[in-house]
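Participant: Below is the file final_10.pdb, which contains PDB, C-alpha atoms.
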```
MODEL        1
ATOM      1  CA  MET A  21      -3.872  10.606 -46.560  1.00  0.00           C
ATOM      2  CA  TYR A  22      -1.277  13.215 -47.464  1.00  0.00           C
ATOM      3  CA  LYS A  23       2.290  12.346 -48.470  1.00  0.00           C
ATOM      4  CA  TRP A  24       5.414  14.377 -49.074  1.00  0.00           C
ATOM      5  CA  LYS A  25       8.882  13.286 -50.131  1.00  0.00           C
ATOM      6  CA  PHE A  26      11.695  15.832 -50.011  1.00  0.00           C
ATOM      7  CA  PRO A  27      15.462  16.241 -49.640  1.00  0.00           C
ATOM      8  CA  ALA A  28      16.471  16.895 -46.019  1.00  0.00           C
ATOM      9  CA  THR A  29      17.330  20.582 -46.279  1.00  0.00           C
ATOM     10  CA  PHE A  30      15.945  23.610 -44.464  1.00  0.00           C
ATOM     11  CA  GLU A  31      14.948  25.211 -47.787  1.00  0.00           C
ATOM     12  CA  GLU A  32      12.738  22.222 -48.652  1.00  0.00           C
ATOM     13  CA  TRP A  33      11.385  21.826 -45.130  1.00  0.00           C
ATOM     14  CA  ASP A  34      10.294  25.487 -45.037  1.00  0.00           C
ATOM     15  CA  ILE A  35       8.154  24.850 -48.128  1.00  0.00           C
ATOM     16  CA  ILE A  36       6.795  21.472 -46.973  1.00  0.00           C
ATOM     17  CA  SER A  37       5.974  22.720 -43.474  1.00  0.00           C
ATOM     18  CA  GLU A  38       3.709  25.407 -44.978  1.00  0.00           C
ATOM     19  CA  GLN A  39       1.930  22.726 -47.030  1.00  0.00           C
ATOM     20  CA  PHE A  40       1.695  20.442 -44.000  1.00  0.00           C
ATOM     21  CA  GLN A  41       0.096  23.191 -41.898  1.00  0.00           C
ATOM     22  CA  GLU A  42      -2.366  23.912 -44.707  1.00  0.00           C
ATOM     23  CA  ALA A  43      -3.291  20.195 -44.781  1.00  0.00           C
ATOM     24  CA  LEU A  44      -3.963  20.229 -41.015  1.00  0.00           C
ATOM     25  CA  GLU A  45      -6.187  23.271 -41.475  1.00  0.00           C
ATOM     26  CA  GLU A  46      -7.941  21.627 -44.430  1.00  0.00           C
ATOM     27  CA  GLU A  47      -8.661  18.621 -42.208  1.00  0.00           C
ATOM     28  CA  GLN A  48     -10.030  21.025 -39.579  1.00  0.00           C
ATOM     29  CA  VAL A  49      -7.561  20.030 -36.899  1.00  0.00           C
ATOM     30  CA  GLU A  50      -8.169  22.580 -34.155  1.00  0.00           C
ATOM     31  CA  LYS A  51      -5.813  25.542 -33.922  1.00  0.00           C
ATOM     32  CA  SER A  52      -4.248  24.439 -30.641  1.00  0.00           C
ATOM     33  CA  GLY A  53      -3.566  20.939 -32.011  1.00  0.00           C
ATOM     34  CA  THR A  54      -2.122  22.377 -35.218  1.00  0.00           C
ATOM     35  CA  ARG A  55       0.268  24.615 -33.268  1.00  0.00           C
ATOM     36  CA  LYS A  56       1.404  21.715 -31.075  1.00  0.00           C
ATOM     37  CA  ILE A  57       1.995  19.416 -34.044  1.00  0.00           C
ATOM     38  CA  MET A  58       3.862  22.109 -35.977  1.00  0.00           C
ATOM     39  CA  MET A  59       6.064  22.905 -32.967  1.00  0.00           C
ATOM     40  CA  ALA A  60       6.872  19.201 -32.534  1.00  0.00           C
ATOM     41  CA  LEU A  61       7.691  18.740 -36.231  1.00  0.00           C
ATOM     42  CA  GLU A  62       9.848  21.867 -36.096  1.00  0.00           C
ATOM     43  CA  GLU A  63      12.039  19.949 -33.652  1.00  0.00           C
ATOM     44  CA  LEU A  64      11.983  16.494 -35.232  1.00  0.00           C
ATOM     45  CA  ILE A  65      12.580  17.350 -38.914  1.00  0.00           C
ATOM     46  CA  PRO A  66      15.447  19.815 -38.244  1.00  0.00           C
ATOM     47  CA  ASN A  67      17.044  17.021 -36.168  1.00  0.00           C
ATOM     48  CA  ILE A  68      17.128  14.864 -39.300  1.00  0.00           C
ATOM     49  CA  ILE A  69      18.503  17.765 -41.366  1.00  0.00           C
ATOM     50  CA  GLU A  70      21.174  18.725 -38.832  1.00  0.00           C
ATOM     51  CA  TYR A  71      22.297  15.273 -37.669  1.00  0.00           C
ATOM     52  CA  GLY A  72      21.002  12.547 -39.986  1.00  0.00           C
ATOM     53  CA  ALA A  73      21.871  14.430 -43.174  1.00  0.00           C
ATOM     54  CA  LYS A  74      25.110  15.984 -42.004  1.00  0.00           C
ATOM     55  CA  GLU A  75      27.435  14.132 -44.348  1.00  0.00           C
ATOM     56  CA  ARG A  76      25.200  12.747 -47.057  1.00  0.00           C
ATOM     57  CA  THR A  77      22.067  13.427 -49.067  1.00  0.00           C
ATOM     58  CA  VAL A  78      19.002  12.215 -47.208  1.00  0.00           C
ATOM     59  CA  THR A  79      15.390  11.942 -48.294  1.00  0.00           C
ATOM     60  CA  VAL A  80      12.517  12.466 -45.874  1.00  0.00           C
ATOM     61  CA  GLU A  81       9.075  10.936 -46.346  1.00  0.00           C
ATOM     62  CA  LEU A  82       6.274  12.511 -44.383  1.00  0.00           C
ATOM     63  CA  GLN A  83       2.745  11.165 -44.072  1.00  0.00           C
ATOM     64  CA  LEU A  84      -0.336  12.672 -42.504  1.00  0.00           C
ATOM     65  CA  ASN A  85      -3.456  10.681 -41.796  1.00  0.00           C
ATOM     66  CA  ILE A  86      -6.558  11.682 -39.860  1.00  0.00           C
ATOM     67  CA  ARG A  87      -8.091   8.583 -38.282  1.00  0.00           C
ATOM     68  CA  ARG A  88     -11.669   8.837 -37.066  1.00  0.00           C
ATOM     69  CA  GLU A  89     -13.040   6.502 -34.398  1.00  0.00           C
ATOM     70  CA  GLN A  90     -16.613   7.196 -33.356  1.00  0.00           C
ATOM     71  CA  GLU A  91     -16.611  10.840 -32.271  1.00  0.00           C
ATOM     72  CA  ARG A  92     -12.851  11.126 -31.851  1.00  0.00           C
ATOM     73  CA  ARG A  93     -10.207  12.184 -34.338  1.00  0.00           C
ATOM     74  CA  TYR A  94      -6.583  11.126 -34.202  1.00  0.00           C
ATOM     75  CA  THR A  95      -3.876  12.871 -36.158  1.00  0.00           C
ATOM     76  CA  GLU A  96      -1.248  10.322 -37.193  1.00  0.00           C
ATOM     77  CA  ILE A  97       2.073  11.369 -38.663  1.00  0.00           C
ATOM     78  CA  ILE A  98       4.850   9.157 -39.955  1.00  0.00           C
ATOM     79  CA  ILE A  99       8.335  10.520 -40.599  1.00  0.00           C
ATOM     80  CA  GLU A 100      10.820   8.271 -42.397  1.00  0.00           C
ATOM     81  CA  ASP A 101      14.330   9.067 -43.523  1.00  0.00           C
ATOM     82  CA  ASP A 102      17.330   7.209 -44.926  1.00  0.00           C
ATOM     83  CA  GLY A 103      19.890   9.141 -42.878  1.00  0.00           C
ATOM     84  CA  VAL A 104      22.219   7.694 -40.278  1.00  0.00           C
ATOM     85  CA  PRO A 105      20.399   5.709 -37.575  1.00  0.00           C
ATOM     86  CA  PHE A 106      19.274   8.292 -35.046  1.00  0.00           C
ATOM     87  CA  ASN A 107      16.766   7.831 -32.268  1.00  0.00           C
ATOM     88  CA  PRO A 108      15.791  11.328 -31.112  1.00  0.00           C
ATOM     89  CA  LEU A 109      13.799   9.867 -28.220  1.00  0.00           C
ATOM     90  CA  SER A 110      17.008   8.738 -26.544  1.00  0.00           C
ATOM     91  CA  TYR A 111      17.894  12.413 -26.058  1.00  0.00           C
ATOM     92  CA  GLY A 112      16.312  15.068 -23.898  1.00  0.00           C
ATOM     93  CA  GLY A 113      15.855  13.236 -20.637  1.00  0.00           C
ATOM     94  CA  ASN A 114      14.607  15.693 -18.082  1.00  0.00           C
ATOM     95  CA  ASN A 115      16.547  18.720 -19.273  1.00  0.00           C
ATOM     96  CA  VAL A 116      14.836  21.696 -17.649  1.00  0.00           C
ATOM     97  CA  VAL A 117      16.535  25.083 -17.835  1.00  0.00           C
ATOM     98  CA  THR A 118      17.594  26.427 -14.462  1.00  0.00           C
ATOM     99  CA  SER A 119      19.729  29.446 -15.415  1.00  0.00           C
ATOM    100  CA  THR A 120      20.833  31.518 -18.411  1.00  0.00           C
ATOM    101  CA  ASN A 121      24.133  29.572 -18.330  1.00  0.00           C
ATOM    102  CA  HIS A 122      22.335  26.273 -18.745  1.00  0.00           C
ATOM    103  CA  PRO A 123      23.985  24.150 -21.464  1.00  0.00           C
ATOM    104  CA  ALA A 124      21.910  23.960 -24.630  1.00  0.00           C
ATOM    105  CA  GLY A 125      20.564  20.692 -25.966  1.00  0.00           C
ATOM    106  CA  GLY A 126      17.725  18.307 -25.311  1.00  0.00           C
ATOM    107  CA  TRP A 127      15.016  20.967 -25.023  1.00  0.00           C
ATOM    108  CA  GLY A 128      13.728  20.335 -28.502  1.00  0.00           C
ATOM    109  CA  ILE A 129      12.976  16.679 -27.995  1.00  0.00           C
ATOM    110  CA  ASN A 130      11.469  17.440 -24.573  1.00  0.00           C
ATOM    111  CA  MET A 131       9.224  19.944 -26.297  1.00  0.00           C
ATOM    112  CA  ALA A 132       8.191  17.441 -28.952  1.00  0.00           C
ATOM    113  CA  LYS A 133       7.422  14.730 -26.372  1.00  0.00           C
ATOM    114  CA  SER A 134       5.327  17.124 -24.274  1.00  0.00           C
ATOM    115  CA  LEU A 135       3.346  18.362 -27.281  1.00  0.00           C
ATOM    116  CA  LEU A 136       2.363  14.928 -28.602  1.00  0.00           C
ATOM    117  CA  ASP A 137       0.305  12.068 -27.173  1.00  0.00           C
ATOM    118  CA  ASP A 138       2.372   9.258 -28.635  1.00  0.00           C
ATOM    119  CA  ILE A 139       5.768   9.133 -30.310  1.00  0.00           C
ATOM    120  CA  ARG A 140       7.623   5.931 -31.216  1.00  0.00           C
ATOM    121  CA  TYR A 141      10.919   5.299 -32.962  1.00  0.00           C
ATOM    122  CA  SER A 142      12.152   2.278 -34.882  1.00  0.00           C
ATOM    123  CA  TYR A 143      14.934   1.571 -37.388  1.00  0.00           C
ATOM    124  CA  GLU A 144      13.831  -0.769 -40.141  1.00  0.00           C
ATOM    125  CA  ASN A 145      15.256  -1.624 -43.561  1.00  0.00           C
ATOM    126  CA  GLY A 146      17.861   1.106 -43.343  1.00  0.00           C
ATOM    127  CA  ARG A 147      15.348   3.773 -42.453  1.00  0.00           C
ATOM    128  CA  ASN A 148      14.584   5.805 -39.349  1.00  0.00           C
ATOM    129  CA  HIS A 149      10.874   5.602 -38.634  1.00  0.00           C
ATOM    130  CA  LEU A 150       8.952   7.895 -36.285  1.00  0.00           C
ATOM    131  CA  TYR A 151       5.281   7.332 -35.562  1.00  0.00           C
ATOM    132  CA  ILE A 152       3.497  10.284 -33.993  1.00  0.00           C
ATOM    133  CA  GLU A 153      -0.038  10.599 -32.726  1.00  0.00           C
ATOM    134  CA  LYS A 154      -1.986  13.609 -31.520  1.00  0.00           C
ATOM    135  CA  ARG A 155      -5.469  13.059 -30.146  1.00  0.00           C
TER
ATOM    136  CA  MET B  10       7.691  32.665 -42.213  1.00  0.00           C
ATOM    137  CA  TYR B  11       7.716  35.304 -39.490  1.00  0.00           C
ATOM    138  CA  GLN B  12       7.686  39.064 -39.441  1.00  0.00           C
ATOM    139  CA  MET B  13       9.353  41.284 -36.919  1.00  0.00           C
ATOM    140  CA  GLU B  14       8.457  44.902 -36.353  1.00  0.00           C
ATOM    141  CA  VAL B  15      10.191  47.104 -33.811  1.00  0.00           C
ATOM    142  CA  LYS B  16       8.498  50.183 -32.351  1.00  0.00           C
ATOM    143  CA  LYS B  17      10.337  52.464 -30.016  1.00  0.00           C
ATOM    144  CA  ASN B  18       9.088  55.239 -27.790  1.00  0.00           C
ATOM    145  CA  GLU B  19      10.629  57.150 -24.883  1.00  0.00           C
ATOM    146  CA  GLN B  20       9.931  54.427 -22.341  1.00  0.00           C
ATOM    147  CA  GLU B  21      10.324  51.171 -24.159  1.00  0.00           C
ATOM    148  CA  THR B  22      11.131  49.222 -27.289  1.00  0.00           C
ATOM    149  CA  VAL B  23       8.440  46.825 -28.404  1.00  0.00           C
ATOM    150  CA  ILE B  24       9.235  43.923 -30.726  1.00  0.00           C
ATOM    151  CA  TYR B  25       6.149  42.586 -32.485  1.00  0.00           C
ATOM    152  CA  LEU B  26       6.570  39.015 -33.727  1.00  0.00           C
ATOM    153  CA  GLU B  27       4.079  37.635 -36.215  1.00  0.00           C
ATOM    154  CA  GLY B  28       3.816  34.104 -37.630  1.00  0.00           C
ATOM    155  CA  ALA B  29       5.924  31.026 -36.967  1.00  0.00           C
ATOM    156  CA  LEU B  30       9.527  31.271 -35.774  1.00  0.00           C
ATOM    157  CA  LYS B  31      11.187  28.183 -37.218  1.00  0.00           C
ATOM    158  CA  THR B  32      14.633  26.691 -36.830  1.00  0.00           C
ATOM    159  CA  SER B  33      15.775  28.346 -40.053  1.00  0.00           C
ATOM    160  CA  ASP B  34      14.664  31.744 -38.665  1.00  0.00           C
ATOM    161  CA  ALA B  35      16.406  31.381 -35.312  1.00  0.00           C
ATOM    162  CA  GLU B  36      19.849  32.661 -36.248  1.00  0.00           C
ATOM    163  CA  GLY B  37      18.572  35.852 -37.893  1.00  0.00           C
ATOM    164  CA  PHE B  38      16.094  36.436 -35.092  1.00  0.00           C
ATOM    165  CA  GLY B  39      18.810  35.889 -32.493  1.00  0.00           C
ATOM    166  CA  HIS B  40      21.112  38.466 -34.109  1.00  0.00           C
ATOM    167  CA  SER B  41      18.334  41.064 -34.360  1.00  0.00           C
ATOM    168  CA  LEU B  42      17.206  40.471 -30.783  1.00  0.00           C
ATOM    169  CA  MET B  43      20.742  40.648 -29.400  1.00  0.00           C
ATOM    170  CA  GLU B  44      21.341  43.953 -31.174  1.00  0.00           C
ATOM    171  CA  ILE B  45      18.197  45.416 -29.610  1.00  0.00           C
ATOM    172  CA  VAL B  46      18.934  44.033 -26.151  1.00  0.00           C
ATOM    173  CA  GLN B  47      22.443  45.476 -26.196  1.00  0.00           C
ATOM    174  CA  GLN B  48      21.210  48.940 -27.192  1.00  0.00           C
ATOM    175  CA  GLU B  49      17.909  49.301 -25.302  1.00  0.00           C
ATOM    176  CA  THR B  50      16.856  49.018 -21.681  1.00  0.00           C
ATOM    177  CA  GLU B  51      13.093  48.353 -21.559  1.00  0.00           C
ATOM    178  CA  ILE B  52      12.300  45.639 -24.086  1.00  0.00           C
ATOM    179  CA  LYS B  53       8.881  44.122 -24.642  1.00  0.00           C
ATOM    180  CA  ILE B  54       8.391  41.184 -26.989  1.00  0.00           C
ATOM    181  CA  ASN B  55       4.764  41.172 -28.045  1.00  0.00           C
ATOM    182  CA  MET B  56       3.803  37.652 -29.171  1.00  0.00           C
ATOM    183  CA  GLU B  57       0.093  38.225 -29.679  1.00  0.00           C
ATOM    184  CA  LYS B  58       0.416  37.237 -33.338  1.00  0.00           C
ATOM    185  CA  THR B  59       3.134  34.625 -32.881  1.00  0.00           C
ATOM    186  CA  ASP B  60       1.861  31.233 -33.987  1.00  0.00           C
ATOM    187  CA  PHE B  61       4.645  28.992 -32.688  1.00  0.00           C
ATOM    188  CA  ILE B  62       8.339  28.936 -31.839  1.00  0.00           C
ATOM    189  CA  CYS B  63      11.099  26.310 -31.739  1.00  0.00           C
ATOM    190  CA  SER B  64      13.892  25.366 -29.345  1.00  0.00           C
ATOM    191  CA  ALA B  65      16.482  27.282 -31.410  1.00  0.00           C
ATOM    192  CA  VAL B  66      14.457  30.442 -30.755  1.00  0.00           C
ATOM    193  CA  LEU B  67      14.385  29.555 -27.038  1.00  0.00           C
ATOM    194  CA  ARG B  68      18.194  29.487 -27.176  1.00  0.00           C
ATOM    195  CA  ALA B  69      18.178  32.985 -28.715  1.00  0.00           C
ATOM    196  CA  LEU B  70      15.854  34.232 -25.960  1.00  0.00           C
ATOM    197  CA  LEU B  71      18.110  32.688 -23.318  1.00  0.00           C
ATOM    198  CA  ALA B  72      21.189  34.415 -24.769  1.00  0.00           C
ATOM    199  CA  ALA B  73      19.327  37.748 -24.774  1.00  0.00           C
ATOM    200  CA  GLN B  74      18.176  37.172 -21.187  1.00  0.00           C
ATOM    201  CA  SER B  75      21.776  36.630 -20.071  1.00  0.00           C
ATOM    202  CA  VAL B  76      22.642  40.124 -21.400  1.00  0.00           C
ATOM    203  CA  VAL B  77      19.627  41.550 -19.570  1.00  0.00           C
ATOM    204  CA  ASP B  78      20.589  39.792 -16.320  1.00  0.00           C
ATOM    205  CA  ALA B  79      24.152  41.094 -16.533  1.00  0.00           C
ATOM    206  CA  SER B  80      22.868  44.661 -16.579  1.00  0.00           C
ATOM    207  CA  ASP B  81      21.371  46.618 -13.661  1.00  0.00           C
ATOM    208  CA  ASP B  82      18.883  48.595 -15.721  1.00  0.00           C
ATOM    209  CA  LYS B  83      17.712  46.283 -18.504  1.00  0.00           C
ATOM    210  CA  GLU B  84      14.436  44.422 -18.624  1.00  0.00           C
ATOM    211  CA  MET B  85      12.980  42.055 -21.220  1.00  0.00           C
ATOM    212  CA  VAL B  86       9.360  40.928 -21.020  1.00  0.00           C
ATOM    213  CA  LEU B  87       7.438  38.465 -23.198  1.00  0.00           C
ATOM    214  CA  GLN B  88       3.835  39.551 -23.613  1.00  0.00           C
ATOM    215  CA  ASN B  89       0.641  37.932 -24.923  1.00  0.00           C
ATOM    216  CA  VAL B  90       2.164  34.478 -25.335  1.00  0.00           C
ATOM    217  CA  ASN B  91      -0.376  31.935 -26.585  1.00  0.00           C
ATOM    218  CA  GLU B  92      -1.309  28.896 -24.490  1.00  0.00           C
ATOM    219  CA  GLU B  93       0.740  26.430 -26.539  1.00  0.00           C
ATOM    220  CA  ILE B  94       3.928  28.502 -26.356  1.00  0.00           C
ATOM    221  CA  TYR B  95       3.354  29.066 -22.631  1.00  0.00           C
ATOM    222  CA  ASP B  96       3.084  25.281 -22.126  1.00  0.00           C
ATOM    223  CA  VAL B  97       6.422  24.830 -23.901  1.00  0.00           C
ATOM    224  CA  LEU B  98       8.039  27.542 -21.764  1.00  0.00           C
ATOM    225  CA  THR B  99       6.759  25.693 -18.690  1.00  0.00           C
ATOM    226  CA  THR B 100       7.908  22.225 -19.825  1.00  0.00           C
ATOM    227  CA  THR B 101      11.411  23.447 -20.620  1.00  0.00           C
ATOM    228  CA  GLY B 102      11.738  25.594 -17.482  1.00  0.00           C
ATOM    229  CA  PHE B 103      12.059  28.825 -19.477  1.00  0.00           C
ATOM    230  CA  VAL B 104       9.080  30.263 -17.652  1.00  0.00           C
ATOM    231  CA  ASN B 105      11.303  30.527 -14.555  1.00  0.00           C
ATOM    232  CA  ILE B 106      14.132  32.291 -16.408  1.00  0.00           C
ATOM    233  CA  LEU B 107      12.274  34.656 -18.733  1.00  0.00           C
ATOM    234  CA  THR B 108       9.771  37.288 -17.632  1.00  0.00           C
ATOM    235  CA  VAL B 109       6.412  36.327 -19.119  1.00  0.00           C
ATOM    236  CA  GLU B 110       3.329  38.507 -18.713  1.00  0.00           C
TER
ENDMDL
END
```
Show me, as structure tokens, the structure contained in the file I just sent.

Facilitator:
Amino acid sequence: MYKWKFPATFEEWDIISEQFQEALEEEQVEKSGTRKIMMALEELIPNIIEYGAKERTVTVELQLNIRREQERRYTEIIIEDDGVPFNPLSYGGNNVVTSTNHPAGGWGINMAKSLLDDIRYSYENGRNHLYIEKR
Amino acid sequence: MYQMEVKKNEQETVIYLEGALKTSDAEGFGHSLMEIVQQETEIKINMEKTDFICSAVLRALLAAQSVVDASDDKEMVLQNVNEEIYDVLTTTGFVNILTVE
């Protein structure tokens, strides 16, 4: 299991995301899966930085675990933060771009949902908790 | 970390994007792209070495496409997009707005 704990800033996330990608490669997660996970995280973590940590200092805890069951491998990721309660899954809906004038917003979470096999949100003990799974 | 290289010849301007385009890169990328789109007519964005992108970069591409659409002689084409990025362009509907080869 890999664990990171970092302040919710873009400077820190840029460093951690490199380390996270290296960990996926170390665990031999296939290239396509790695790209999908990284694209999803690139939506979810910036959400915390931009919204959850807007007016206060927030700490993010990130966990990566590769679970093996028989021949199959599951990549499990947990993202926790102590920012304002924010359920990203309540955004996005079915926001599909139809023109260049289309209002921005919601694409990121749609992207994340489409790239992952399972994503669940809960708010427990003052912390936002996201469980992510990629098969 | 991404790298952007621009090569220009008589017919077209090709933007080569290498690496991952993250949220923190989107603003800088958007400014550079907009500058090119405003000045040039035939623009190719070669994404052969692009690992992944984010929704903030999609917003930058959409803004650039609106400049292209407002002109009679401009064209912007995304080339050599990997399967994962193409899937994202499809999910978000961008594949119907942008020209993807």

Participant: Counting only C-alpha atoms, collect the residues of chain B whose closest atom lies at most 12 Å from chain A, and write them out as a count of residues only.

Facilitator: 48

Participant: Please compute the CA of Glu89 (chain A)-CA of Leu150 (chain A) distance, one decimal, in Å.

Facilitator: 22.1 Å

Participant: Care to translate the PyMOL selection byres ((chain A and resi 93) around 12) into actual residues of this file, as number ranges by chain?

Facilitator: A: 47-50, 53, 85-92, 94-96, 153-155

Participant: Could you tell me how far CA of Glu100 (chain A) sits from CA of Glu46 (chain A), in Å to one decimal place?

Facilitator: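 Separation between CA of Glu46 (chain A) and CA of Glu100 (chain A): 23.1 Å.
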
Participant: Using all atoms listed in the file, pick whichever of A:Asp101, A:Tyr111, A:Gly72, A:Glu42 has the shortest atom-to-atom distance to Asn148 (chain A).

Facilitator: A:Asp101

Participant: Do you know which residues the PyMOL selection byres ((chain A and resi 82) around 9) returns on this file, as a list of chain:residue names?

Facilitator: A:Tyr22, A:Lys23, A:Trp24, A:Lys25, A:Phe26, A:Val80, A:Glu81, A:Gln83, A:Leu84, A:Ile97, A:Ile98, A:Ile99, A:Glu100, A:Asp101

Participant: Starting from the displayed file, determine the output of the PyMOL selection byres ((chain B and resi 18) around 12) and express the residue list as a PDB file with C-alpha atoms, in the frame of the given file.

Facilitator:
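After the write, selection26.pdb holds the following:
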```pdb
ATOM      1  CA  VAL B  15      10.191  47.104 -33.811  1.00  0.00           C
ATOM      2  CA  LYS B  16       8.498  50.183 -32.351  1.00  0.00           C
ATOM      3  CA  LYS B  17      10.337  52.464 -30.016  1.00  0.00           C
ATOM      4  CA  GLU B  19      10.629  57.150 -24.883  1.00  0.00           C
ATOM      5  CA  GLN B  20       9.931  54.427 -22.341  1.00  0.00           C
ATOM      6  CA  GLU B  21      10.324  51.171 -24.159  1.00  0.00           C
ATOM      7  CA  THR B  22      11.131  49.222 -27.289  1.00  0.00           C
ATOM      8  CA  VAL B  23       8.440  46.825 -28.404  1.00  0.00           C
ATOM      9  CA  ILE B  24       9.235  43.923 -30.726  1.00  0.00           C
ATOM     10  CA  GLU B  49      17.909  49.301 -25.302  1.00  0.00           C
ATOM     11  CA  THR B  50      16.856  49.018 -21.681  1.00  0.00           C
ATOM     12  CA  GLU B  51      13.093  48.353 -21.559  1.00  0.00           C
ATOM     13  CA  ILE B  52      12.300  45.639 -24.086  1.00  0.00           C
ATOM     14  CA  LYS B  53       8.881  44.122 -24.642  1.00  0.00           C
TER      15      LYS B  53
END
```

Participant: To one decimal in Å, tell me the separation between CA of Pro105 (chain A) and CA of Gln41 (chain A).

Facilitator: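 So the answer is 27.1 Å.
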
Participant: Please provide the set of residues having any atom within 12 Å of Glu75 (chain A), restricted to all atoms listed in the file, with same-chain residues fewer than 3 positions apart removed, written as a ChimeraX atom specification.

Facilitator: /A:28,68-72,78,103-104
